[in-house]
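**Q** File entry-v3.cif follows (mmCIF, C-alpha atoms):
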```
data_final
loop_
_atom_site.label_atom_id
_atom_site.label_comp_id
_atom_site.auth_asym_id
_atom_site.auth_seq_id
_atom_site.Cartn_x
_atom_site.Cartn_y
_atom_site.Cartn_z
CA MET A 1 0.00 0.00 0.00
CA THR A 2 1.40 3.40 -0.92
CA LEU A 3 0.54 6.89 0.18
CA SER A 4 -0.19 8.94 -2.92
CA ALA A 5 -1.48 12.25 -4.18
CA ASP A 6 -3.01 12.27 -7.62
CA SER A 7 -3.44 15.61 -9.47
CA VAL A 8 -4.24 17.46 -6.28
CA TRP A 9 -5.62 20.99 -6.59
CA LYS A 10 -6.51 23.32 -3.75
CA TYR A 11 -7.72 26.90 -3.97
CA TYR A 12 -7.87 29.49 -1.19
CA ASP A 13 -10.62 31.74 -2.54
CA ALA A 14 -9.50 32.16 -6.16
CA THR A 15 -5.78 31.63 -5.49
CA PRO A 16 -4.48 28.15 -6.26
CA ALA A 17 -2.26 26.81 -3.47
CA LEU A 18 -1.71 23.41 -5.13
CA ARG A 19 -1.76 22.96 -8.89
CA GLY A 20 -2.08 19.34 -9.87
CA VAL A 21 0.53 17.87 -7.51
CA SER A 22 1.07 14.12 -7.96
CA PHE A 23 3.50 11.87 -6.17
CA SER A 24 3.59 8.64 -4.20
CA CYS A 25 5.42 7.50 -1.08
CA SER A 26 6.17 3.83 -0.63
CA GLU A 27 6.47 2.07 2.69
CA SER A 28 9.51 2.99 4.87
CA GLU A 29 10.31 5.92 2.60
CA ARG A 30 11.27 9.27 4.14
CA ILE A 31 10.29 12.27 2.08
CA LEU A 32 11.47 15.84 2.55
CA ILE A 33 9.32 18.57 1.00
CA ILE A 34 11.06 21.85 0.32
CA GLY A 35 10.14 25.11 -1.35
CA ALA A 36 9.96 28.83 -0.73
CA ASN A 37 7.27 30.38 1.49
CA GLY A 38 3.87 30.08 -0.19
CA SER A 39 4.95 27.23 -2.45
CA GLY A 40 2.21 24.94 -1.08
CA LYS A 41 4.18 22.70 1.31
CA SER A 42 1.85 23.12 4.28
CA THR A 43 -1.26 22.76 2.13
CA LEU A 44 0.11 19.54 0.64
CA LEU A 45 0.91 18.16 4.09
CA ARG A 46 -2.54 19.08 5.40
CA ALA A 47 -4.07 17.30 2.43
CA LEU A 48 -1.91 14.22 3.10
CA ALA A 49 -2.81 14.26 6.80
CA GLY A 50 -6.48 14.47 5.91
CA THR A 51 -7.21 17.78 7.62
CA LEU A 52 -8.00 19.65 4.40
CA SER A 53 -10.66 19.09 1.78
CA LEU A 54 -9.41 19.19 -1.82
CA ASP A 55 -10.94 20.99 -4.77
CA ARG A 56 -9.70 18.40 -7.26
CA GLY A 57 -7.65 15.23 -7.19
CA ILE A 58 -7.35 12.36 -4.76
CA VAL A 59 -5.13 11.55 -1.80
CA ARG A 60 -4.85 7.84 -1.06
CA ARG A 61 -3.82 7.07 2.49
CA PRO A 62 -3.04 3.65 3.92
CA PRO A 63 -5.25 2.83 6.90
CA GLY A 64 -3.80 3.58 10.33
CA THR A 65 -2.93 6.34 12.76
CA ILE A 66 -1.66 9.72 11.59
CA GLY A 67 0.69 11.97 13.54
CA TYR A 68 0.48 15.49 12.17
CA PHE A 69 2.43 18.46 13.48
CA SER A 70 1.50 21.93 12.32
CA PRO A 71 3.04 25.30 13.28
CA GLU A 72 -0.51 26.28 14.35
CA LEU A 73 0.20 23.93 17.32
CA PHE A 74 -3.44 23.10 18.21
CA LEU A 75 -3.21 23.71 21.98
CA TYR A 76 -5.40 25.36 24.61
CA PRO A 77 -3.70 28.48 26.03
CA ALA A 78 -5.80 28.41 29.23
CA LEU A 79 -4.93 24.80 30.09
CA GLN A 80 -1.86 23.60 31.92
CA VAL A 81 0.70 21.31 30.34
CA ARG A 82 -0.49 18.39 32.52
CA ASP A 83 -4.14 19.04 31.53
CA HIS A 84 -3.13 18.53 27.91
CA LEU A 85 -1.29 15.34 28.75
CA ASN A 86 -4.29 13.97 30.70
CA LEU A 87 -6.64 14.85 27.87
CA TRP A 88 -4.44 13.23 25.21
CA ARG A 89 -3.97 10.15 27.40
CA ASP A 90 -7.74 9.78 27.65
CA ALA A 91 -8.10 10.29 23.90
CA VAL A 92 -5.44 7.76 22.95
CA GLY A 93 -5.91 5.31 25.83
CA SER A 94 -3.27 4.94 28.55
CA ALA A 95 -2.07 1.61 27.15
CA MET A 96 -1.09 3.28 23.85
CA CYS A 97 0.26 6.46 25.41
CA ASP A 98 4.04 6.96 25.49
CA GLN A 99 4.56 8.96 28.70
CA SER A 100 8.35 8.96 28.47
CA LEU A 101 8.04 11.58 25.73
CA PHE A 102 7.02 14.10 28.31
CA GLN A 103 10.27 13.73 30.22
CA SER A 104 12.42 13.44 27.12
CA PHE A 105 11.21 16.80 25.79
CA GLY A 106 11.94 18.35 29.19
CA LEU A 107 8.33 19.29 29.88
CA ASP A 108 8.20 17.62 33.27
CA ARG A 109 9.24 20.77 35.14
CA LEU A 110 6.57 22.76 33.26
CA ARG A 111 3.78 20.39 34.30
CA TYR A 112 1.79 23.09 36.13
CA SER A 113 2.45 25.94 33.67
CA LEU A 114 -0.35 27.32 31.55
CA VAL A 115 0.29 27.01 27.82
CA ARG A 116 -0.14 30.78 27.41
CA ASP A 117 2.82 31.27 29.77
CA LEU A 118 5.14 29.00 27.79
CA SER A 119 7.66 30.25 25.24
CA PHE A 120 7.01 29.43 21.57
CA GLY A 121 9.70 26.74 21.61
CA GLN A 122 8.15 25.08 24.66
CA ARG A 123 4.72 25.14 23.00
CA VAL A 124 6.24 23.50 19.92
CA GLN A 125 7.70 20.76 22.12
CA LEU A 126 4.30 20.18 23.73
CA ALA A 127 2.67 19.93 20.31
CA LEU A 128 5.39 17.46 19.29
CA VAL A 129 4.57 15.32 22.34
CA ARG A 130 0.99 15.11 21.06
CA THR A 131 2.23 14.13 17.61
CA PHE A 132 4.38 11.26 18.89
CA ILE A 133 2.19 10.20 21.82
CA ARG A 134 0.91 7.01 20.17
CA PRO A 135 2.31 4.50 17.68
CA LEU A 136 1.98 5.99 14.20
CA ASP A 137 1.55 4.66 10.71
CA LEU A 138 1.90 7.99 8.94
CA LEU A 139 4.06 10.83 10.27
CA VAL A 140 3.54 14.28 8.76
CA LEU A 141 5.62 17.14 10.15
CA ASP A 142 5.29 20.70 8.95
CA GLU A 143 8.27 22.87 9.96
CA PRO A 144 8.86 20.91 13.18
CA THR A 145 12.13 22.64 14.11
CA THR A 146 10.72 26.19 14.20
CA GLY A 147 11.51 27.77 17.56
CA LEU A 148 13.44 24.76 18.88
CA ASP A 149 16.90 25.00 20.40
CA GLU A 150 19.78 22.72 19.43
CA SER A 151 19.11 20.02 22.02
CA ALA A 152 15.37 19.93 21.28
CA VAL A 153 16.07 19.52 17.55
CA THR A 154 18.39 16.60 18.33
CA LYS A 155 15.66 15.01 20.46
CA LEU A 156 13.14 15.55 17.69
CA LEU A 157 15.38 13.89 15.10
CA ASN A 158 15.86 10.94 17.46
CA HIS A 159 12.10 10.61 17.87
CA ILE A 160 11.59 10.72 14.12
CA ARG A 161 14.22 8.01 13.65
CA GLN A 162 12.82 5.87 16.47
CA SER A 163 9.25 6.33 15.27
CA ARG A 164 8.12 3.15 13.60
CA SER A 165 5.77 4.98 11.27
CA ARG A 166 5.71 3.42 7.84
CA TYR A 167 5.47 6.70 5.96
CA GLN A 168 7.35 9.81 7.00
CA LEU A 169 6.99 13.22 5.39
CA VAL A 170 8.62 16.42 6.61
CA ALA A 171 8.43 19.95 5.21
CA SER A 172 11.31 22.06 6.42
CA HIS A 173 13.69 24.86 5.50
CA ASP A 174 16.32 23.19 7.67
CA LEU A 175 18.10 21.37 4.83
CA GLN A 176 21.27 20.82 6.80
CA ARG A 177 19.43 18.50 9.18
CA PHE A 178 16.76 16.96 7.00
CA LEU A 179 18.61 16.34 3.71
CA PRO A 180 20.80 13.60 5.23
CA TRP A 181 17.65 12.09 6.82
CA ALA A 182 15.55 12.00 3.66
CA ASP A 183 15.38 9.27 1.04
CA ARG A 184 13.62 11.48 -1.47
CA VAL A 185 13.13 15.21 -1.90
CA LEU A 186 10.17 17.03 -3.46
CA LEU A 187 10.67 20.64 -4.53
CA LEU A 188 7.53 22.75 -4.76
CA GLU A 189 7.19 26.11 -6.46
CA GLU A 190 3.98 28.11 -6.63
CA GLY A 191 1.88 25.04 -5.92
CA ARG A 192 3.56 22.85 -8.54
CA LEU A 193 5.89 19.92 -7.97
CA ILE A 194 8.82 21.06 -10.09
CA LYS A 195 11.50 18.58 -9.05
CA GLU A 196 11.48 15.17 -7.44
CA GLY A 197 14.31 12.73 -6.88
CA MET A 198 16.45 10.73 -4.54
CA ALA A 199 18.13 12.88 -1.93
CA SER A 200 21.61 11.67 -2.81
CA ASP A 201 21.98 10.48 -6.36
CA SER A 202 20.33 12.96 -8.68
CA GLN A 203 22.58 15.77 -9.86
CA SER A 204 19.68 17.79 -11.28
CA LEU A 205 17.87 17.59 -7.95
CA THR A 206 21.02 18.63 -6.11
CA ASP A 207 21.28 21.65 -8.44
CA ALA A 208 17.63 22.53 -7.80
CA VAL A 209 18.10 22.14 -4.06
CA GLU A 210 21.21 24.32 -4.22
CA ARG A 211 19.30 27.00 -6.13
CA TYR A 212 16.52 26.82 -3.54
CA ARG A 213 19.10 26.96 -0.74
CA ILE A 214 20.69 30.11 -2.25
CA SER A 215 17.31 31.79 -2.82
CA ASN A 216 16.34 30.94 0.74
CA ARG A 217 19.36 32.65 2.31
CA MET B 1 -13.62 10.49 27.05
CA LEU B 2 -16.80 12.50 27.57
CA ARG B 3 -15.84 13.08 31.20
CA ALA B 4 -12.33 14.26 30.26
CA LEU B 5 -13.75 16.61 27.63
CA PHE B 6 -16.34 17.96 30.06
CA PHE B 7 -13.57 18.54 32.60
CA LYS B 8 -11.50 20.31 29.94
CA ASP B 9 -14.40 22.59 28.95
CA SER B 10 -15.23 23.41 32.57
CA LEU B 11 -11.57 24.09 33.31
CA LEU B 12 -11.29 26.40 30.30
CA GLN B 13 -14.27 28.44 31.49
CA ALA B 14 -13.07 28.51 35.09
CA ARG B 15 -9.52 29.57 34.16
CA SER B 16 -10.42 32.30 31.72
CA ALA B 17 -13.62 33.30 33.62
CA GLU B 18 -14.54 35.56 30.68
CA PHE B 19 -17.83 33.85 29.95
CA LEU B 20 -18.79 33.53 33.62
CA VAL B 21 -18.05 37.16 34.43
CA LEU B 22 -19.81 38.47 31.33
CA TYR B 23 -22.85 36.21 31.59
CA CYS B 24 -23.39 36.52 35.36
CA GLY B 25 -22.61 40.25 35.24
CA PHE B 26 -25.16 40.84 32.47
CA SER B 27 -27.73 38.60 34.21
CA ILE B 28 -27.50 40.49 37.50
CA LEU B 29 -27.46 43.88 35.79
CA GLY B 30 -30.35 43.02 33.47
CA SER B 31 -32.44 41.56 36.28
CA VAL B 32 -31.89 44.54 38.58
CA ILE B 33 -32.63 47.14 35.87
CA VAL B 34 -35.74 45.36 34.62
CA SER B 35 -37.06 44.76 38.15
CA PHE B 36 -36.72 48.42 39.07
CA GLY B 37 -38.40 49.37 35.79
CA VAL B 38 -41.53 47.33 36.55
CA SER B 39 -41.84 47.60 40.30
CA GLN B 40 -44.96 47.09 42.41
CA LEU B 41 -45.33 50.85 42.65
CA LEU B 42 -46.41 50.91 39.01
CA PHE B 43 -48.08 47.53 38.51
CA SER B 44 -50.25 45.20 40.52
CA VAL B 45 -48.89 41.86 41.78
CA GLU B 46 -51.19 40.08 39.35
CA THR B 47 -49.79 42.02 36.39
CA LEU B 48 -46.23 41.43 37.54
CA ARG B 49 -46.92 37.72 37.85
CA ARG B 50 -48.11 37.76 34.25
CA VAL B 51 -45.13 39.65 32.84
CA ALA B 52 -42.43 37.97 34.98
CA PRO B 53 -41.89 34.99 32.61
CA THR B 54 -41.41 37.31 29.64
CA LEU B 55 -38.94 39.44 31.60
CA VAL B 56 -36.90 36.50 32.87
CA TRP B 57 -36.68 34.85 29.45
CA LEU B 58 -35.84 38.11 27.70
CA ILE B 59 -33.04 38.70 30.18
CA PHE B 60 -31.77 35.16 29.53
CA LEU B 61 -32.01 35.54 25.78
CA PHE B 62 -30.00 38.73 25.61
CA THR B 63 -27.41 37.98 28.29
CA ALA B 64 -26.73 34.48 26.98
CA THR B 65 -26.50 35.63 23.35
CA ALA B 66 -24.18 38.48 24.28
CA SER B 67 -21.76 36.25 26.18
CA VAL B 68 -22.01 32.72 24.77
CA SER B 69 -19.53 33.46 21.97
CA LYS B 70 -16.81 33.47 24.66
CA LEU B 71 -17.25 29.70 24.92
CA GLN B 72 -16.03 29.32 21.35
CA GLU B 73 -13.15 31.80 21.56
CA GLN B 74 -11.23 29.39 23.80
CA GLU B 75 -11.33 26.82 21.00
CA GLU B 76 -10.23 29.21 18.28
CA ASP B 77 -7.14 30.53 20.03
CA LEU B 78 -4.35 28.15 18.86
CA CYS B 79 -7.05 25.82 17.41
CA GLY B 80 -6.97 23.39 20.36
CA GLN B 81 -9.92 21.43 19.05
CA GLN B 82 -7.98 20.43 15.92
CA GLY B 83 -5.38 18.76 18.14
CA LEU B 84 -8.07 16.54 19.64
CA LEU B 85 -9.50 15.71 16.23
CA LEU B 86 -6.00 14.63 15.13
CA LEU B 87 -5.91 12.18 18.05
CA GLY B 88 -9.14 10.66 16.83
CA VAL B 89 -11.51 12.22 19.39
CA SER B 90 -15.05 12.04 18.07
CA PRO B 91 -16.69 15.40 17.27
CA VAL B 92 -19.90 14.03 18.80
CA SER B 93 -18.15 13.61 22.18
CA MET B 94 -16.66 17.09 21.84
CA TYR B 95 -20.07 18.55 21.14
CA LEU B 96 -21.82 16.71 23.96
CA ALA B 97 -19.15 17.69 26.50
CA LYS B 98 -19.34 21.29 25.39
CA LEU B 99 -23.14 21.19 25.52
CA LEU B 100 -23.10 19.77 29.03
CA SER B 101 -20.71 22.39 30.40
CA ALA B 102 -22.56 25.23 28.61
CA VAL B 103 -25.93 24.03 29.96
CA VAL B 104 -24.61 23.92 33.54
CA LEU B 105 -23.26 27.48 33.35
CA LEU B 106 -26.27 28.91 31.50
CA TYR B 107 -28.65 27.22 33.93
CA LEU B 108 -26.89 28.68 36.98
CA GLY B 109 -27.07 32.18 35.50
CA HIS B 110 -30.73 31.74 34.66
CA VAL B 111 -31.59 30.59 38.20
CA LEU B 112 -29.68 33.58 39.56
CA SER B 113 -31.60 35.94 37.31
CA TRP B 114 -34.96 34.37 38.29
CA CYS B 115 -34.11 34.71 41.99
CA ILE B 116 -33.18 38.39 41.61
CA VAL B 117 -36.32 39.23 39.59
CA GLY B 118 -38.54 37.29 42.02
CA MET B 119 -36.95 38.98 45.04
CA LEU B 120 -37.02 42.53 43.68
CA LEU B 121 -40.59 42.22 42.40
CA ASN B 122 -41.63 40.68 45.70
CA LEU B 123 -43.15 37.64 44.01
CA ALA B 124 -43.89 34.65 46.23
CA MET B 125 -42.15 31.36 45.46
CA PRO B 126 -44.45 29.61 42.97
CA ALA B 127 -45.82 26.23 43.99
CA ALA B 128 -44.69 24.66 40.72
CA TRP B 129 -41.11 25.92 40.94
CA MET B 130 -39.64 22.48 40.28
CA THR B 131 -41.62 22.07 37.06
CA MET B 132 -40.57 25.58 36.06
CA MET B 133 -36.92 24.69 36.58
CA ALA B 134 -37.41 21.50 34.54
CA VAL B 135 -38.90 23.57 31.72
CA SER B 136 -35.95 25.98 31.99
CA PHE B 137 -33.54 23.08 31.73
CA GLY B 138 -35.18 21.90 28.50
CA VAL B 139 -35.18 25.38 27.01
CA ILE B 140 -31.53 25.94 27.92
CA VAL B 141 -30.52 22.58 26.41
CA CYS B 142 -32.20 23.63 23.13
CA TYR B 143 -30.64 27.09 23.22
CA ALA B 144 -27.12 25.77 23.92
CA SER B 145 -27.49 23.06 21.23
CA MET B 146 -28.12 25.62 18.53
CA ALA B 147 -25.68 28.25 19.82
CA LEU B 148 -22.80 25.76 20.01
CA LEU B 149 -23.48 24.62 16.48
CA LEU B 150 -23.81 28.09 15.05
CA MET B 151 -20.69 29.62 16.64
CA PRO B 152 -18.08 27.46 14.87
CA MET B 153 -20.11 27.81 11.64
CA LEU B 154 -19.51 31.55 11.78
CA HIS B 155 -15.82 31.08 12.61
CA GLY B 156 -13.81 33.04 10.07
CA SER B 157 -16.57 35.51 9.30
CA ARG B 158 -15.56 39.08 10.06
CA SER B 159 -19.09 40.06 11.03
CA ARG B 160 -19.84 37.03 13.19
CA GLN B 161 -20.64 39.14 16.28
CA LEU B 162 -23.48 40.64 14.26
CA LEU B 163 -24.45 37.48 12.37
CA PHE B 164 -24.66 35.29 15.45
CA PRO B 165 -27.69 36.97 17.10
CA LEU B 166 -29.23 37.75 13.71
CA ILE B 167 -29.36 34.06 12.84
CA LEU B 168 -29.83 32.56 16.30
CA LEU B 169 -32.66 34.72 17.64
CA PRO B 170 -35.20 34.13 14.82
CA LEU B 171 -34.24 30.44 14.81
CA LEU B 172 -35.02 30.13 18.51
CA ALA B 173 -38.11 32.39 18.60
CA PRO B 174 -40.55 29.42 18.87
CA LEU B 175 -38.50 28.06 21.76
CA PHE B 176 -38.85 31.27 23.73
CA PHE B 177 -42.56 31.62 23.02
CA CYS B 178 -42.81 28.07 24.32
CA ALA B 179 -40.79 28.88 27.48
CA ILE B 180 -42.86 32.01 28.23
CA GLU B 181 -46.18 30.22 27.66
CA LEU B 182 -45.24 27.25 29.85
CA TRP B 183 -43.99 29.47 32.67
CA SER B 184 -47.15 31.59 32.46
CA ILE B 185 -49.34 28.47 32.71
CA LEU B 186 -47.33 27.22 35.68
CA LEU B 187 -47.51 30.57 37.46
CA SER B 188 -51.25 30.89 36.83
CA TYR B 189 -52.46 27.32 37.41
CA GLY B 190 -49.58 25.65 39.27
CA ALA B 191 -49.45 22.65 36.93
CA ILE B 192 -49.32 21.71 33.23
CA ASP B 193 -51.54 19.30 31.42
CA TRP B 194 -49.42 16.64 29.69
CA GLU B 195 -51.42 17.26 26.54
CA GLU B 196 -50.48 20.93 26.48
CA PRO B 197 -49.24 21.67 22.90
CA TRP B 198 -46.40 23.92 24.16
CA LEU B 199 -45.09 21.05 26.26
CA SER B 200 -45.16 18.69 23.26
CA LEU B 201 -43.31 21.32 21.24
CA LEU B 202 -40.64 21.63 23.96
CA PHE B 203 -40.21 17.83 24.16
CA GLY B 204 -39.82 17.75 20.37
CA MET B 205 -37.18 20.47 20.40
CA VAL B 206 -35.27 18.90 23.32
CA VAL B 207 -34.92 15.76 21.22
CA VAL B 208 -34.36 17.30 17.79
CA TYR B 209 -31.94 20.16 18.56
CA PRO B 210 -29.22 18.23 20.44
CA VAL B 211 -29.42 15.31 17.98
CA LEU B 212 -29.16 17.71 15.06
CA GLY B 213 -26.28 19.55 16.72
CA ALA B 214 -24.34 16.37 17.54
CA ASN B 215 -24.66 15.12 13.97
CA MET B 216 -23.88 18.42 12.28
CA TYR B 217 -20.96 19.39 14.51
CA GLN B 218 -18.48 17.13 12.73
CA PHE B 219 -19.09 18.96 9.45
CA VAL B 220 -18.59 22.28 11.19
CA VAL B 221 -15.34 21.55 13.04
CA ARG B 222 -13.67 19.70 10.20
CA GLU B 223 -12.67 21.98 7.34
#
```
Would you mind giving the structure from this file in structure tokens?
**A**
Amino acid sequence: MTLSADSVWKYYDATPALRGVSFSCSESERILIIGANGSGKSTLLRALAGTLSLDRGIVRRPPGTIGYFSPELFLYPALQVRDHLNLWRDAVGSAMCDQSLFQSFGLDRLRYSLVRDLSFGQRVQLALVRTFIRPLDLLVLDEPTTGLDESAVTKLLNHIRQSRSRYQLVASHDLQRFLPWADRVLLLEEGRLIKEGMASDSQSLTDAVERYRISNR
Amino acid sequence: MLRALFFKDSLLQARSAEFLVLYCGFSILGSVIVSFGVSQLLFSVETLRRVAPTLVWLIFLFTATASVSKLQEQEEDLCGQQGLLLLGVSPVSMYLAKLLSAVVLLYLGHVLSWCIVGMLLNLAMPAAWMTMMAVSFGVIVCYASMALLLMPMLHGSRSRQLLFPLILLPLLAPLFFCAIELWSILLSYGAIDWEEPWLSLLFGMVVVYPVLGANMYQFVVRE
């Protein structure tokens, strides 16, 4: 079973955010999605995670659990960190819940803090705990390193590696960290998939990535 | 899960206190102003007894509509609800938990308002007060069912503060006529006949509105 997008179109009002994007991700493949701001990375990931309705095209997802991280974070500012953990534990079921995540992201000392009092980086870590809290089949991360310090990024990369999810997709501007991790890279521009290839062996892709890297500086 | 969601919703309201302060503040203020406006100096006790249900339900209608949008604002800030949907929490459970916590808070405010109006107008405790409170409970369940469904529907609209009462109030007009009529009957006769058409209408709405809300909510919270 593969995860695939087939001629996917999405409009925000009259503006197309995705213009006929097609690709597939086979089992155990790690895909990095890159592109400038507004190129459609987040929209594509939302479509793959199933949190966005499409205007045209089809996304085929294998059955199973989805872990989706978005920079919108999806937290309650008036709840404490431990309230979130209790709520997620009830939602997932304590048997499935990985409570060691909480300690590993260093949130234990913030247990009684309200989310609105946390820094952006700490909120990101809490949202990452939600993403990884249960065993996943599909992992979809949209800019997961935003606001994280060096040690938190290292922990995140370890969690991604240790995650047994069968399909892993990450959109990030942090090429230094995610290019060595990825098997395949997709380059988006203005909602179109303009380049696709193996992270290591395609010279044309490397050139495109380099151009993107320079334009991104 | 329903219990955890109910606890979350209650905690959100208790921590922010915005809804509670606004709703209780408006209820007390509205009740006091209205009661002084129609005191026993101007009207007979019999007239006051007749108009009291209309006053109490008008106070509820306006105070609840002015403050109930605060219940939804907690969900929209950082989109917390989406995080629960991603973990597979059912929108029906979310809706029912939210309905339960909203009904509890709205009911307390309504009882407070009724006590203030009754006290300031010097009205004796009606014999059928328990039936009146049961009717209030049904009316508040219907009101909260529709309000909780409508608020996320208007999410994203710039003029939602205006649209919300404009859509909700006409939609719930039959419910309030029903509430006023049933309260008037109870105050006048002390009991309701089970075959009373207003009672049948209220029973119908108590069943239809929450069921409709629970089933529609998933289409509203998912994009």
**Q** Give me the result of the PyMOL selection byres ((chain A) within 10 of (chain B)) on this file, residue by residue, as a PyMOL selection string.
**A** chain A and resi 49-53+65-80+83-84+86-93+114+116+127+130-131+133-134
**Q** For the file shown, report as a PyMOL selection string the outcome of the PyMOL selection byres ((chain B and resi 119) around 12) at residue level.
**A** chain B and resi 31-32+35-36+39-40+52+112-118+120-125
**Q** Expand the PyMOL selection byres ((chain A and resi 138-153) around 7) into the explicit residue set it covers here, and present it as a PyMOL selection string.
**A** chain A and resi 42+45+49+65-71+105+120-121+136-137+154-157+165-172
**Q** Would you put the residues from that selection into a file with C-alpha atoms, as a PDB file, in the coordinates of the input?
**A**
```
ATOM      1  CA  SER A  42       1.850  23.120   4.280  1.00  0.00           C
ATOM      2  CA  LEU A  45       0.910  18.160   4.090  1.00  0.00           C
ATOM      3  CA  ALA A  49      -2.810  14.260   6.800  1.00  0.00           C
ATOM      4  CA  THR A  65      -2.930   6.340  12.760  1.00  0.00           C
ATOM      5  CA  ILE A  66      -1.660   9.720  11.590  1.00  0.00           C
ATOM      6  CA  GLY A  67       0.690  11.970  13.540  1.00  0.00           C
ATOM      7  CA  TYR A  68       0.480  15.490  12.170  1.00  0.00           C
ATOM      8  CA  PHE A  69       2.430  18.460  13.480  1.00  0.00           C
ATOM      9  CA  SER A  70       1.500  21.930  12.320  1.00  0.00           C
ATOM     10  CA  PRO A  71       3.040  25.300  13.280  1.00  0.00           C
ATOM     11  CA  PHE A 105      11.210  16.800  25.790  1.00  0.00           C
ATOM     12  CA  PHE A 120       7.010  29.430  21.570  1.00  0.00           C
ATOM     13  CA  GLY A 121       9.700  26.740  21.610  1.00  0.00           C
ATOM     14  CA  LEU A 136       1.980   5.990  14.200  1.00  0.00           C
ATOM     15  CA  ASP A 137       1.550   4.660  10.710  1.00  0.00           C
ATOM     16  CA  THR A 154      18.390  16.600  18.330  1.00  0.00           C
ATOM     17  CA  LYS A 155      15.660  15.010  20.460  1.00  0.00           C
ATOM     18  CA  LEU A 156      13.140  15.550  17.690  1.00  0.00           C
ATOM     19  CA  LEU A 157      15.380  13.890  15.100  1.00  0.00           C
ATOM     20  CA  SER A 165       5.770   4.980  11.270  1.00  0.00           C
ATOM     21  CA  ARG A 166       5.710   3.420   7.840  1.00  0.00           C
ATOM     22  CA  TYR A 167       5.470   6.700   5.960  1.00  0.00           C
ATOM     23  CA  GLN A 168       7.350   9.810   7.000  1.00  0.00           C
ATOM     24  CA  LEU A 169       6.990  13.220   5.390  1.00  0.00           C
ATOM     25  CA  VAL A 170       8.620  16.420   6.610  1.00  0.00           C
ATOM     26  CA  ALA A 171       8.430  19.950   5.210  1.00  0.00           C
ATOM     27  CA  SER A 172      11.310  22.060   6.420  1.00  0.00           C
TER      28      SER A 172
END
```
**Q** How far is it from CA of Ser24 in chain A to CA of Pro63 in chain A, in Å with one decimal?
**A** 15.3 Å
**Q** State, in Å with one decimal place, the distance from CA of Ile192 in chain B to CA of Leu96 in chain B.
**A**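 Taking CA of Ile192 in chain B as the start and CA of Leu96 in chain B as the end point, the length is 29.4 Å.
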**Q** What does the distance between CA of Ser69 in chain B and CA of Val221 in chain B come to in Å, to one decimal place?
**A**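 Separation of CA of Ser69 in chain B and CA of Val221 in chain B: 15.5 Å.
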**Q** Using all atoms listed in the file, which residues sit within 10 Å of Lys10 in chain A once same-chain residues fewer than 6 positions away are excluded, as a PDB file with C-alpha atoms, keeping the file's coordinate frame?
**A**
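Done, and the output landed in out_8.pdb:
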```
ATOM      1  CA  PRO A  16      -4.480  28.150  -6.260  1.00  0.00           C
ATOM      2  CA  ALA A  17      -2.260  26.810  -3.470  1.00  0.00           C
ATOM      3  CA  LEU A  18      -1.710  23.410  -5.130  1.00  0.00           C
ATOM      4  CA  ARG A  19      -1.760  22.960  -8.890  1.00  0.00           C
ATOM      5  CA  GLY A  20      -2.080  19.340  -9.870  1.00  0.00           C
ATOM      6  CA  VAL A  21       0.530  17.870  -7.510  1.00  0.00           C
ATOM      7  CA  GLY A  40       2.210  24.940  -1.080  1.00  0.00           C
ATOM      8  CA  THR A  43      -1.260  22.760   2.130  1.00  0.00           C
ATOM      9  CA  LEU A  44       0.110  19.540   0.640  1.00  0.00           C
ATOM     10  CA  ALA A  47      -4.070  17.300   2.430  1.00  0.00           C
ATOM     11  CA  LEU A  52      -8.000  19.650   4.400  1.00  0.00           C
ATOM     12  CA  SER A  53     -10.660  19.090   1.780  1.00  0.00           C
ATOM     13  CA  LEU A  54      -9.410  19.190  -1.820  1.00  0.00           C
ATOM     14  CA  ASP A  55     -10.940  20.990  -4.770  1.00  0.00           C
ATOM     15  CA  ARG A  56      -9.700  18.400  -7.260  1.00  0.00           C
ATOM     16  CA  GLY A  57      -7.650  15.230  -7.190  1.00  0.00           C
ATOM     17  CA  GLY A 191       1.880  25.040  -5.920  1.00  0.00           C
TER      18      GLY A 191
END
```
**Q** Taking 6 positions as the minimum chain separation for residues in the same chain, which residues sit within 10 Å of Leu154 in chain B when counting all atoms listed in the file? Answer as a list in words.
**A**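 Final neighbour list, sorted by chain and number: Arg160, Gln161, Leu163, Phe164 and Val220 of chain B.
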**Q** Report as a PyMOL selection string all protein, DNA and RNA residues lying within 12 Å of Leu61 in chain B, evaluated on only C-alpha atoms, omitting residues in the same chain fewer than 5 positions from it.
**A** chain B and resi 23+26-27+30+54-56+66-68+106+109-110+113+139-140+143-144+147+165+168-170+172-173+175-177+179-180
**Q** In the coordinates of the file, take the point (4.5, 11.6, -5.6) and a cut-off of 8 Å; then, counting all atoms listed in the file, name each qualifying protein, DNA or RNA residue as JSON, numbers by chain.
**A** {"A": [4, 5, 6, 21, 22, 23, 24, 25]}
**Q** What are the centre and the three edge lengths of an axis-aligned box that wraps all atoms of range 44-49 of chain A in the file, given that 4 Å is added to every side, written as JSON and rounded to one decimal in Å?
**A**
```
{"center_x": -1.6, "center_y": 16.9, "center_z": 3.7, "size_x": 13.0, "size_y": 13.3, "size_z": 14.2}
```
**Q** Please identify all polymer residues within 12 Å of Ser100 in chain A, counting only C-alpha atoms, omitting same-chain residues fewer than 6 positions from it, and present them as a PyMOL selection string.
**A** chain A and resi 85+106-108+129+132-134+159
